[in-house]
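Asker: Sharing a structure, written as structure tokens. Questions coming.
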Amino acid sequence: MNKQTGMFPPLLVHLVESGETGGFLSEALVSAADAFDAELKIKDTVKSAMAYPLIVMSIAVLAVIGMLIFIVPVFEEMFEGLGGELPAFTQLLVSISNNMLWIMPILLALGGAGWFLWRKYGQDPRVAVRVDEFKHKLPIFGKFFRQVAIARFTKTLATTLKAGVPIMQSLMIVKQTAGSPLVQAAVDRVAVGVGNGRSMATMLEKEEVFLPLVSQLAAVGEDTGALDTMLMQVAQFMEREVQLTAERLTALVEPLMIVVVGAVIGAWSSPSTSLCSPSSRR
């Protein structure tokens, strides 16, 4: 399996290796199936939480572009012979509409350039960590992304430790499957500390990305010899929190997006109304 480059995830390969060595391959495969099932549920939850706001914002952008291209020129032609001076915002809107033929290609070119740069440099560790830090500091979604990262970390680490994988090797597996550059950098520092004889709980406590609950239960697990059990408890708790947070975000984002879209459409529609007002005709 390890020779089939890119075919099997590192987590599965290491669990199978531990199962073969210890004579419990069937249990290792069941653990791998549970871990991948939990990961799939987390991914589905993230997609569900992000889909609605992205769709609504895309519709708002398309609506504004459609108004600029099709609606504003009609009003301009209707009232250009009435005389008078239009409000400043209306004049700006008309100017943007008249220049959409060259503004749109520039916007598309900038979007394409941004996509190209992201594809080329987005995997750079320094860039990825900065982007991940920004995601974790977002006012509404930051807590959600942090919970997802912690759920993945604790679930994978608990699964590998339960399968008999040594702790240093388990940390390297977690780093490869974390899905968060911020967590990967933190795991690197935790691994260095553990390799130097420090307790994992102490190292986890120093990392801001992890909640205090993670280091506290890790300390209990290290003291009692049940680190994998304690980490699995954290993982199950965080998975429930991810689900609840996703439901709260959906309930919160729906009316918020309606207000945002209404404000956007209203702001861009008001200049068209001003074109019809008596003061503009004067």
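In the structure tokens, chains take letters A, B, ... by order of appearance, with residues numbered from 1 within each chain and ligands from 1 in the order shown.
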Which residues are near Ala51 (chain A)? Cut-off 10 Å, only C-alpha atoms, ignore same chain within fewer than 5 positions. Put them as an MDAnalysis selection string.

Answerer: chainID A and resid 46 56 250

Asker: Out of A:Pro125, A:Gly19, A:Pro10, A:Pro53, which residue has the shortest atom-to-atom distance to Leu252 (chain A) when counting only C-alpha atoms?

Answerer: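 Checking each of A:Pro125, A:Gly19, A:Pro10, A:Pro53 against Leu252 (chain A), counting only C-alpha atoms, the winner is A:Pro53.
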
Asker: So that I can see what lies close to Ser180 (chain A), please list as a ChimeraX atom specification the residues with an atom at most 9 Å from it, counting only C-alpha atoms and leaving out residues fewer than 6 positions away in the same chain.

Answerer: /A:128-129,132,149

Asker: Just N, CA and C atoms for this one: save the residues we selected as a short mmCIF file (atom, residue, chain, number, x, y, z; two decimals), in the first residue's frame.

Answerer:
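Once written, again28.cif looks like this:
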```cif
data_model
loop_
_atom_site.label_atom_id
_atom_site.label_comp_id
_atom_site.auth_asym_id
_atom_site.auth_seq_id
_atom_site.Cartn_x
_atom_site.Cartn_y
_atom_site.Cartn_z
N ALA A 128 0.15 29.93 3.47
CA ALA A 128 -0.94 29.10 3.97
C ALA A 128 -1.23 29.38 5.44
N VAL A 129 -0.19 29.58 6.24
CA VAL A 129 -0.39 29.85 7.66
C VAL A 129 -1.07 31.19 7.86
N ASP A 132 -4.69 30.83 6.97
CA ASP A 132 -5.39 30.06 8.01
C ASP A 132 -5.60 30.91 9.26
N ALA A 149 -10.77 22.19 12.97
CA ALA A 149 -9.36 21.82 13.04
C ALA A 149 -9.07 20.97 14.27
#
```

Asker: Looking at only C-alpha atoms, which of A:Val259, A:Val187, A:Val61, A:Ala32 is the one that sits closest to Thr159 (chain A)?

Answerer: A:Ala32
